[in-house]
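J.: What follows is upload.cif; its format and atoms are mmCIF, C-alpha atoms.
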```cif
data_upload
loop_
_atom_site.label_atom_id
_atom_site.label_comp_id
_atom_site.auth_asym_id
_atom_site.auth_seq_id
_atom_site.Cartn_x
_atom_site.Cartn_y
_atom_site.Cartn_z
CA LEU A 2 -25.09 27.21 -22.83
CA ALA A 3 -24.64 30.32 -20.74
CA VAL A 4 -22.07 32.94 -21.68
CA GLY A 5 -19.56 33.78 -18.97
CA GLY A 6 -20.95 31.37 -16.40
CA ARG A 7 -21.52 27.68 -15.92
CA ARG A 8 -25.09 26.47 -16.20
CA SER A 9 -26.34 24.96 -12.94
CA PRO A 10 -27.28 21.26 -13.07
CA SER A 11 -30.99 22.08 -12.74
CA ARG A 12 -30.93 24.56 -15.63
CA PHE A 13 -28.86 22.29 -17.80
CA ARG A 14 -31.09 19.32 -16.99
CA SER A 15 -34.13 21.17 -18.25
CA ARG A 16 -32.73 21.00 -21.77
CA ILE A 17 -31.63 17.38 -21.72
CA GLY A 18 -33.42 15.33 -24.32
CA ARG A 19 -33.79 18.06 -26.93
CA VAL A 20 -32.41 17.29 -30.36
CA PRO A 21 -29.13 18.93 -31.38
CA THR A 22 -29.72 22.52 -32.47
CA PHE A 23 -28.49 24.26 -35.56
CA ARG A 24 -27.49 27.89 -35.86
CA ARG A 25 -27.04 29.52 -39.22
CA MET A 26 -25.04 32.47 -40.53
CA PRO A 27 -24.81 33.82 -44.11
CA ALA A 28 -21.34 33.64 -45.64
CA ALA A 29 -21.35 37.38 -46.23
CA ALA A 30 -21.47 37.89 -42.48
CA VAL A 31 -18.52 35.53 -42.06
CA GLY A 32 -16.28 37.54 -44.35
CA GLY A 33 -17.38 40.85 -42.90
CA ALA A 34 -16.86 39.83 -39.30
CA ALA A 35 -13.47 38.30 -39.99
CA ALA A 36 -12.29 41.31 -41.93
CA THR A 37 -13.46 43.70 -39.22
CA ARG A 38 -11.94 41.86 -36.28
CA GLY A 39 -8.73 40.73 -37.96
CA LEU A 40 -6.95 37.46 -37.35
CA ALA A 41 -5.76 36.74 -33.83
CA SER A 42 -2.97 34.34 -33.19
CA GLY A 43 -4.24 32.07 -30.43
CA ARG A 44 -1.19 29.81 -30.42
CA PRO A 45 -0.99 27.34 -27.51
CA SER A 46 1.65 27.78 -24.88
CA ALA A 47 4.69 25.53 -24.86
CA SER A 48 3.32 23.75 -21.82
CA ALA A 49 0.17 22.75 -23.68
CA ALA A 50 1.41 19.51 -25.20
CA PRO A 51 -0.53 18.42 -28.27
CA CYS A 52 -2.15 15.03 -28.50
CA PRO A 53 0.21 12.51 -30.10
CA SER A 54 -0.50 11.80 -33.74
CA ARG A 55 0.10 8.22 -34.79
CA VAL A 56 0.46 6.95 -38.33
CA PRO A 57 -2.48 4.65 -39.01
CA SER A 58 -2.17 1.14 -40.32
CA PRO A 59 -2.71 0.51 -44.04
CA ARG A 60 -6.24 -0.60 -43.21
CA ALA A 61 -6.87 2.61 -41.29
CA ARG A 62 -5.46 4.65 -44.16
CA GLY A 63 -7.92 2.97 -46.45
CA ARG A 64 -10.81 4.28 -44.41
CA SER A 65 -9.30 7.66 -43.64
CA GLY A 66 -11.66 9.58 -45.81
CA GLY A 67 -12.55 8.85 -49.38
CA ILE A 68 -9.12 8.12 -50.87
CA SER A 69 -9.65 7.45 -54.56
CA THR A 70 -7.88 5.18 -57.02
CA THR A 71 -7.36 7.87 -59.62
CA THR A 72 -3.99 8.54 -61.20
CA PRO A 73 -1.45 10.76 -59.41
CA ARG A 74 -1.80 14.51 -59.78
CA SER A 75 -0.08 16.27 -62.63
CA ARG A 76 2.98 18.24 -61.63
CA ALA A 77 1.07 21.52 -62.05
CA ALA A 78 -1.62 20.38 -59.60
CA MET A 79 0.68 18.88 -56.96
CA ILE A 80 0.00 19.92 -53.37
CA GLU A 81 3.14 21.32 -51.80
CA TYR A 82 4.17 21.62 -48.18
CA VAL A 83 7.43 23.07 -46.92
CA THR A 84 8.47 21.84 -43.47
CA ARG A 85 8.04 24.69 -41.00
CA GLY A 86 9.48 23.24 -37.81
CA GLU A 87 5.96 22.82 -36.44
CA TRP A 88 4.89 19.83 -34.37
CA TYR A 89 2.32 18.90 -37.01
CA ASP A 90 4.75 18.81 -39.98
CA GLY A 91 4.77 15.01 -40.17
CA GLU A 92 0.99 14.74 -40.21
CA ILE A 93 0.55 17.35 -42.93
CA ARG A 94 3.31 15.78 -45.04
CA ARG A 95 1.50 12.46 -44.79
CA PHE A 96 -1.77 14.00 -45.97
CA VAL A 97 0.02 15.72 -48.86
CA ARG A 98 1.73 12.49 -49.93
CA ILE A 99 -1.52 10.49 -49.82
CA ASP A 100 -3.48 13.12 -51.73
CA ASN A 101 -0.80 13.60 -54.39
CA GLU A 102 -0.51 9.86 -55.01
CA ASN A 103 -4.27 9.22 -55.00
CA PRO A 104 -6.16 12.51 -55.46
CA PRO A 105 -9.62 12.36 -53.86
CA ARG A 106 -12.56 13.58 -55.88
CA LYS A 107 -13.57 17.19 -55.38
CA ARG A 108 -16.92 18.77 -54.45
CA GLY A 109 -17.61 16.34 -51.63
CA VAL A 110 -17.70 16.57 -47.82
CA LEU A 111 -14.54 17.49 -45.88
CA PHE A 112 -14.11 16.90 -42.14
CA ALA A 113 -11.44 19.14 -40.58
CA GLY A 114 -10.36 19.70 -37.00
CA SER A 115 -8.56 18.17 -34.05
CA SER A 116 -8.31 14.82 -32.27
CA ILE A 117 -12.04 14.12 -31.83
CA PHE A 118 -12.35 13.93 -35.61
CA ARG A 119 -8.93 12.36 -36.09
CA GLU A 120 -9.78 9.49 -33.75
CA TRP A 121 -13.15 9.09 -35.45
CA ARG A 122 -11.14 8.38 -38.60
CA GLU A 123 -8.49 6.15 -37.02
CA LEU A 124 -10.25 4.22 -34.25
CA ARG A 125 -13.50 3.40 -36.02
CA ASP A 126 -14.80 2.50 -39.46
CA PHE A 127 -15.25 6.13 -40.46
CA THR A 128 -16.33 5.18 -43.99
CA ALA A 129 -19.22 3.14 -42.61
CA ASP A 130 -20.27 5.92 -40.23
CA VAL A 131 -20.48 8.50 -43.03
CA GLU A 132 -22.02 6.16 -45.61
CA PRO A 133 -25.24 8.28 -45.76
CA LEU A 134 -23.10 11.06 -47.24
CA GLY A 135 -21.98 8.98 -50.22
CA ALA A 136 -18.53 7.91 -51.36
CA ASN A 137 -16.93 11.34 -51.62
CA VAL A 138 -16.04 12.06 -47.97
CA LEU A 139 -12.61 13.07 -46.71
CA ASN A 140 -11.32 13.43 -43.14
CA ARG A 141 -8.21 15.59 -42.74
CA ALA A 142 -8.29 16.24 -38.98
CA PHE A 143 -5.03 16.18 -37.02
CA GLY A 144 -4.78 15.77 -33.27
CA GLY A 145 -3.64 18.54 -30.95
CA SER A 146 -4.50 21.27 -33.43
CA THR A 147 -5.83 24.71 -32.53
CA THR A 148 -7.99 27.06 -34.57
CA ARG A 149 -4.81 28.91 -35.53
CA ASP A 150 -3.15 25.68 -36.72
CA GLN A 151 -6.18 24.97 -38.89
CA LEU A 152 -5.72 28.32 -40.61
CA GLU A 153 -2.03 27.66 -41.24
CA VAL A 154 -2.59 24.49 -43.29
CA MET A 155 -5.72 25.26 -45.34
CA GLU A 156 -3.56 25.47 -48.46
CA GLN A 157 -2.69 21.78 -48.05
CA ILE A 158 -5.77 20.12 -46.53
CA VAL A 159 -8.77 22.24 -47.58
CA PHE A 160 -8.34 24.25 -50.78
CA PRO A 161 -7.07 21.41 -53.04
CA HIS A 162 -10.25 19.39 -52.41
CA ASP A 163 -12.76 22.19 -53.16
CA PRO A 164 -15.41 20.64 -50.85
CA LYS A 165 -19.08 21.45 -51.13
CA VAL A 166 -19.77 20.88 -47.40
CA LEU A 167 -17.15 21.37 -44.67
CA VAL A 168 -17.56 19.96 -41.15
CA TYR A 169 -15.34 21.64 -38.54
CA TYR A 170 -14.46 20.59 -34.98
CA CYS A 171 -11.74 22.63 -33.29
CA GLY A 172 -11.32 24.95 -30.32
CA SER A 173 -10.97 22.37 -27.57
CA ASN A 174 -7.18 22.67 -27.46
CA ASP A 175 -7.45 26.47 -27.63
CA VAL A 176 -9.55 26.50 -24.47
CA ASN A 177 -7.04 24.30 -22.63
CA ALA A 178 -4.22 26.63 -23.73
CA GLY A 179 -5.99 29.74 -22.42
CA VAL A 180 -6.87 31.22 -25.81
CA PRO A 181 -9.67 33.80 -25.27
CA PRO A 182 -13.12 32.70 -26.50
CA ARG A 183 -13.36 35.70 -28.85
CA VAL A 184 -10.10 34.66 -30.51
CA ILE A 185 -11.48 31.14 -31.03
CA ARG A 186 -14.56 32.65 -32.66
CA ASP A 187 -12.56 35.06 -34.83
CA ASN A 188 -10.18 32.35 -36.04
CA PHE A 189 -13.14 30.17 -37.02
CA LEU A 190 -14.77 33.05 -38.89
CA GLU A 191 -11.54 33.68 -40.75
CA TRP A 192 -11.35 29.97 -41.62
CA CYS A 193 -14.89 30.19 -43.04
CA ALA A 194 -14.10 33.34 -45.01
CA ARG A 195 -11.02 31.73 -46.57
CA ALA A 196 -12.88 28.51 -47.38
CA PHE A 197 -15.69 30.34 -49.17
CA ARG A 198 -13.21 32.58 -50.98
CA ARG A 199 -10.85 29.82 -52.18
CA CYS A 200 -13.24 26.87 -52.67
CA PRO A 201 -15.64 27.65 -55.54
CA SER A 202 -17.89 24.69 -54.70
CA ALA A 203 -18.22 25.44 -50.96
CA ARG A 204 -21.87 25.98 -49.96
CA ARG A 205 -22.16 24.93 -46.31
CA ILE A 206 -19.90 24.90 -43.24
CA LEU A 207 -20.94 23.10 -40.05
CA PHE A 208 -19.33 24.03 -36.73
CA VAL A 209 -19.68 21.15 -34.26
CA SER A 210 -19.89 22.50 -30.71
CA ILE A 211 -16.78 22.23 -28.56
CA MET A 212 -17.51 19.28 -26.28
CA ARG A 213 -17.85 19.72 -22.51
CA ALA A 214 -15.61 16.80 -21.59
CA PRO A 215 -15.00 16.08 -17.88
CA GLN A 216 -11.31 16.94 -18.31
CA LYS A 217 -12.34 20.48 -19.22
CA ALA A 218 -14.41 21.13 -16.08
CA PRO A 219 -11.99 23.88 -14.88
CA VAL A 220 -12.53 25.78 -18.16
CA TRP A 221 -16.20 25.04 -18.81
CA ASP A 222 -17.02 28.73 -18.43
CA GLU A 223 -14.60 29.68 -21.21
CA LEU A 224 -15.72 26.74 -23.33
CA ASP A 225 -19.37 27.75 -22.93
CA GLU A 226 -18.53 31.30 -23.90
CA ALA A 227 -16.69 30.22 -27.05
CA ASN A 228 -19.65 28.06 -28.09
CA ALA A 229 -22.08 30.86 -27.33
CA LEU A 230 -20.11 33.41 -29.37
CA ILE A 231 -19.98 31.10 -32.38
CA ARG A 232 -23.65 30.19 -31.94
CA GLU A 233 -24.45 33.90 -31.89
CA ALA A 234 -22.34 34.46 -34.99
CA CYS A 235 -24.44 31.85 -36.73
CA GLY A 236 -27.34 34.24 -36.31
CA GLU A 237 -29.94 32.57 -34.11
CA GLU A 238 -31.29 33.52 -30.70
CA GLY A 239 -33.69 30.63 -29.94
CA GLY A 240 -33.57 26.85 -30.30
CA GLY A 241 -33.70 24.93 -33.56
CA ARG A 242 -32.72 26.08 -37.01
CA SER A 243 -33.33 29.65 -38.04
CA GLY A 244 -35.13 31.02 -41.04
CA PRO A 245 -36.43 29.37 -44.20
CA ARG A 246 -34.44 26.98 -46.35
CA HIS A 247 -32.49 28.95 -48.90
CA GLY A 248 -31.52 28.30 -52.51
CA SER A 249 -28.60 25.98 -53.18
CA GLY A 250 -26.41 28.88 -54.30
CA LEU A 251 -26.41 30.63 -50.90
CA LYS A 252 -23.38 29.96 -48.71
CA LEU A 253 -24.21 29.40 -45.05
CA VAL A 254 -22.65 28.38 -41.73
CA ASP A 255 -24.52 26.20 -39.22
CA PHE A 256 -23.87 25.54 -35.52
CA VAL A 257 -24.45 21.89 -34.56
CA ASP A 258 -24.81 21.43 -30.80
CA VAL A 259 -24.03 17.87 -29.69
CA ASN A 260 -23.35 18.55 -26.01
CA LEU A 261 -26.83 17.55 -24.86
CA LEU A 262 -26.11 14.07 -26.22
CA LEU A 263 -23.12 13.71 -23.89
CA TYR A 264 -25.01 14.29 -20.63
CA ASP A 265 -27.13 12.14 -18.34
CA LYS A 266 -30.78 13.16 -18.72
CA SER A 267 -31.60 12.52 -15.07
CA THR A 268 -28.63 14.21 -13.38
CA GLY A 269 -27.44 16.78 -15.91
CA GLU A 270 -23.89 15.48 -15.43
CA PRO A 271 -21.46 14.33 -18.13
CA LEU A 272 -21.68 10.67 -19.11
CA THR A 273 -18.21 9.76 -17.87
CA ARG A 274 -18.48 6.21 -19.24
CA LEU A 275 -18.16 7.66 -22.75
CA TYR A 276 -14.61 8.85 -22.11
CA ARG A 277 -11.27 7.14 -21.75
CA ASP A 278 -9.13 7.59 -18.63
CA ASP A 279 -8.03 11.07 -19.70
CA GLY A 280 -11.62 12.32 -19.44
CA LEU A 281 -11.22 13.96 -22.84
CA HIS A 282 -11.08 11.41 -25.66
CA PHE A 283 -13.84 8.92 -26.39
CA HIS A 284 -13.96 5.16 -26.41
CA PRO A 285 -14.46 4.06 -30.02
CA GLY A 286 -18.01 2.91 -29.31
CA SER A 287 -18.92 6.25 -27.75
CA TYR A 288 -19.04 7.87 -31.18
CA ASP A 289 -22.38 6.11 -31.63
CA ARG A 290 -23.75 8.64 -29.15
CA PHE A 291 -23.14 11.77 -31.24
CA ALA A 292 -21.68 10.91 -34.66
CA PRO A 293 -25.11 10.21 -36.23
CA ALA A 294 -26.24 13.75 -35.36
CA ILE A 295 -23.21 15.20 -37.16
CA VAL A 296 -23.68 12.96 -40.18
CA ASP A 297 -27.38 13.83 -40.31
CA ALA A 298 -26.57 17.55 -40.27
CA ALA A 299 -24.07 17.06 -43.11
CA ARG A 300 -26.61 15.03 -45.07
CA ARG A 301 -29.19 17.79 -44.74
CA ALA A 302 -26.58 20.30 -45.88
CA LEU A 303 -25.96 18.19 -48.98
CA ASP A 304 -29.70 17.98 -49.58
CA GLU A 305 -29.94 21.77 -49.49
CA CYS A 306 -27.08 21.94 -52.00
CA GLY A 307 -29.04 19.64 -54.29
CA ASP A 308 -26.77 16.64 -53.73
CA SER A 309 -27.73 14.14 -51.05
CA ARG A 310 -25.01 11.63 -51.83
CA GLY A 311 -21.83 13.69 -51.95
CA GLY A 312 -21.18 13.35 -55.66
CA GLY A 313 -17.93 14.85 -56.88
CA THR A 314 -15.52 15.17 -59.72
CA GLY A 315 -11.93 14.16 -60.17
#
```
Please express the file's structure as structure tokens.
T.:
Amino acid sequence: LAVGGRRSPSRFRSRIGRVPTFRRMPAAAVGGAAATRGLASGRPSASAAPCPSRVPSPRARGRSGGISTTTPRSRAAMIEYVTRGEWYDGEIRRFVRIDNENPPRKRGVLFAGSSIFREWRELRDFTADVEPLGANVLNRAFGGSTTRDQLEVMEQIVFPHDPKVLVYYCGSNDVNAGVPPRVIRDNFLEWCARAFRRCPSARRILFVSIMRAPQKAPVWDELDEANALIREACGEEGGGRSGPRHGSGLKLVDFVDVNLLLYDKSTGEPLTRLYRDDGLHFHPGSYDRFAPAIVDAARRALDECGDSRGGGTG
């Protein structure tokens, strides 16, 4: 997508039908870029109300991402979270309680991000959708979150699980709140740097493109720029995946573009039927349109790590 300007329908239509593209960046570049730019705040304004976060039913909890039946953590390994007066305190406390009582296996696949991933977990059979990735898959997304929020809670929802592959969707709420695209990029790069530094097993991170939902039409230019900056950071100029496949020990970041899957091939316009009345969140069945592309990218990442079924340890 164009940087700093909205693609015209004719130009956008010319790309409809292409498979999602993948952009790749070595982990060394992630750490260097984040250290050079520094961490920007990017907090949403008070008027930018976060999406409500509901507590799922017991059945939904059971499919909320690879919860194991192992014994509770030892006291030394307990995840801790001190209430901070943040709007997301309740959601993070719930994750911490669940993971302390039934610690998921490590070295699997972790989904992190905002409401698009949270609703994937809570409104659908997430476990069935990610079955190609094996049994060791965890979804710790929380609705309304920004890229800055994701950084603030890595100690609770990322590091304890030491994932091998991390799948990230965030930035949508930043755009709505007026956070500059470069800040969105820099916060994501810092998130990557911290994940690679603190998770010994981490080998791949996938950034799923911020989705061009109809509700975001007034800020499509900024959204496109944020995607373009992150795509550029992943180190590829043209379409498709860049460079040869590397050894399983190399840590890499990929850009997974799903926006072409959300548009009408004949008109170049968003497929509005996919969205609920808010023009932002999807009907449960709409995930069939793009979720397989994300799962396929994660499966390939596992393959490159030498583990196609998300095996892990306790």
J.: Mind working out the centre and edge lengths of an axis-aligned box for region 217-231 of chain A, all listed atoms inside, 6 Å added to each side, rounded to one decimal in Å and written as JSON?
T.:
```
{"center_x": -17.0, "center_y": 26.9, "center_z": -23.6, "size_x": 22.1, "size_y": 24.9, "size_z": 29.5}
```
J.: May I ask which of the residues A:Glu233, A:Glu226, A:Asp130, A:Glu305 is the closest one to Lys252 (chain A), counting all atoms listed in the file?
T.: A:Glu305
J.: Show which residues sit within 9 Å of Glu156 (chain A), as JSON, numbers by chain. Count all atoms listed in the file, and ignore same-chain residues fewer than 5 positions away.
T.: {"A": [80, 81, 82, 161]}
J.: Using CA of Gly86 (chain A) and CA of Ser115 (chain A) as the two end points, give the distance in Å to one decimal.
T.: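 These atoms are spaced 19.1 Å apart.
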J.: Please report the interatomic distance between CA of Val259 (chain A) and CA of Arg106 (chain A) in Å with one decimal.
T.: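 Computing it gives 28.9 Å between the two atoms.
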J.: For the structure provided, state which residues fall under the PyMOL selection byres ((chain A and resi 220) around 12), and present them as a compact mmCIF listing (two decimals) with C-alpha atoms, in the frame of the given file.
T.:
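This is the output file expr02.txt:
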```txt
# COMPACT_ATOMS: atom_id res chain seq x y z
CA GLY A 5 -19.56 33.78 -18.97
CA GLY A 6 -20.95 31.37 -16.40
CA ARG A 7 -21.52 27.68 -15.92
CA SER A 173 -10.97 22.37 -27.57
CA ASN A 174 -7.18 22.67 -27.46
CA ASP A 175 -7.45 26.47 -27.63
CA VAL A 176 -9.55 26.50 -24.47
CA ASN A 177 -7.04 24.30 -22.63
CA ALA A 178 -4.22 26.63 -23.73
CA GLY A 179 -5.99 29.74 -22.42
CA VAL A 180 -6.87 31.22 -25.81
CA PRO A 181 -9.67 33.80 -25.27
CA PRO A 182 -13.12 32.70 -26.50
CA ILE A 211 -16.78 22.23 -28.56
CA MET A 212 -17.51 19.28 -26.28
CA ARG A 213 -17.85 19.72 -22.51
CA ALA A 214 -15.61 16.80 -21.59
CA PRO A 215 -15.00 16.08 -17.88
CA GLN A 216 -11.31 16.94 -18.31
CA LYS A 217 -12.34 20.48 -19.22
CA ALA A 218 -14.41 21.13 -16.08
CA PRO A 219 -11.99 23.88 -14.88
CA TRP A 221 -16.20 25.04 -18.81
CA ASP A 222 -17.02 28.73 -18.43
CA GLU A 223 -14.60 29.68 -21.21
CA LEU A 224 -15.72 26.74 -23.33
CA ASP A 225 -19.37 27.75 -22.93
CA GLU A 226 -18.53 31.30 -23.90
CA ALA A 227 -16.69 30.22 -27.05
```
J.: Just want the 12 Å neighbourhood of Trp121 (chain A), counted on all atoms listed in the file, with same-chain residues fewer than 2 positions away dropped. Output as a PyMOL selection string.
T.: chain A and resi 61+64-66+112-119+123-131+139-144+170+282-289+291-292+295
J.: Which neighbours of Val154 (chain A) fall inside 10 Å, counting only C-alpha atoms, when residues of the same chain fewer than 4 positions from it are skipped, and could you give them as a list in words?
T.: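 The filter keeps Tyr82, Tyr89, Asp90, Ile93, Arg149, Asp150, Ile158, Val159 and Phe160 of chain A.
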J.: Report, in Å with one decimal, the straight-line distance from CA of Leu190 (chain A) to CA of Tyr169 (chain A).
T.: 11.4 Å
J.: Run the PyMOL selection byres ((chain A and resi 110) around 8) on the file and write out the hits as a VMD selection string.
T.: chain A and resid 108 to 109 111 to 112 134 137 to 139 164 to 168 299 311
J.: Could you write out the selected residues, including C-alpha atoms, as a PDB file, in the coordinates of the input?
T.:
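Output saved as again_32.pdb:
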```pdb
ATOM      1  CA  ARG A 108     -16.920  18.770 -54.450  1.00  0.00           C
ATOM      2  CA  GLY A 109     -17.610  16.340 -51.630  1.00  0.00           C
ATOM      3  CA  LEU A 111     -14.540  17.490 -45.880  1.00  0.00           C
ATOM      4  CA  PHE A 112     -14.110  16.900 -42.140  1.00  0.00           C
ATOM      5  CA  LEU A 134     -23.100  11.060 -47.240  1.00  0.00           C
ATOM      6  CA  ASN A 137     -16.930  11.340 -51.620  1.00  0.00           C
ATOM      7  CA  VAL A 138     -16.040  12.060 -47.970  1.00  0.00           C
ATOM      8  CA  LEU A 139     -12.610  13.070 -46.710  1.00  0.00           C
ATOM      9  CA  PRO A 164     -15.410  20.640 -50.850  1.00  0.00           C
ATOM     10  CA  LYS A 165     -19.080  21.450 -51.130  1.00  0.00           C
ATOM     11  CA  VAL A 166     -19.770  20.880 -47.400  1.00  0.00           C
ATOM     12  CA  LEU A 167     -17.150  21.370 -44.670  1.00  0.00           C
ATOM     13  CA  VAL A 168     -17.560  19.960 -41.150  1.00  0.00           C
ATOM     14  CA  ALA A 299     -24.070  17.060 -43.110  1.00  0.00           C
ATOM     15  CA  GLY A 311     -21.830  13.690 -51.950  1.00  0.00           C
TER      16      GLY A 311
END
```
J.: Taking all atoms listed in the file into account, name the residue in A:Arg183, A:Arg205, A:Arg232, A:Arg290 that is nearest to Asp265 (chain A).
T.: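 Once distances to Asp265 (chain A) are computed over all atoms listed in the file, the minimum belongs to A:Arg290.
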J.: Give me, as an NGL selection string, all polymer residues having an atom no more than 8 Å from Gly172 (chain A), counting all atoms listed in the file and skipping those fewer than 6 positions away in the same chain.
T.: :A and (147-148 or 185 or 211)
J.: Write a file of the selected residues as a PDB file, keeping the file's coordinate frame, keeping C-alpha atoms.
T.:
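And here's result.pdb as it stands now:
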```
ATOM      1  CA  THR A 147      -5.830  24.710 -32.530  1.00  0.00           C
ATOM      2  CA  THR A 148      -7.990  27.060 -34.570  1.00  0.00           C
ATOM      3  CA  ILE A 185     -11.480  31.140 -31.030  1.00  0.00           C
ATOM      4  CA  ILE A 211     -16.780  22.230 -28.560  1.00  0.00           C
TER       5      ILE A 211
END
```
J.: Using all atoms listed in the file, find the one residue out of A:Pro271, A:Gly307, A:Gly145, A:Gly135 that sits nearest to Arg204 (chain A).
T.: A:Gly307
J.: Using all atoms listed in the file, which of the listed residues (A:Cys200, A:Pro104, A:Ile231, A:Glu153) sits closest to Glu87 (chain A)?
T.: A:Glu153
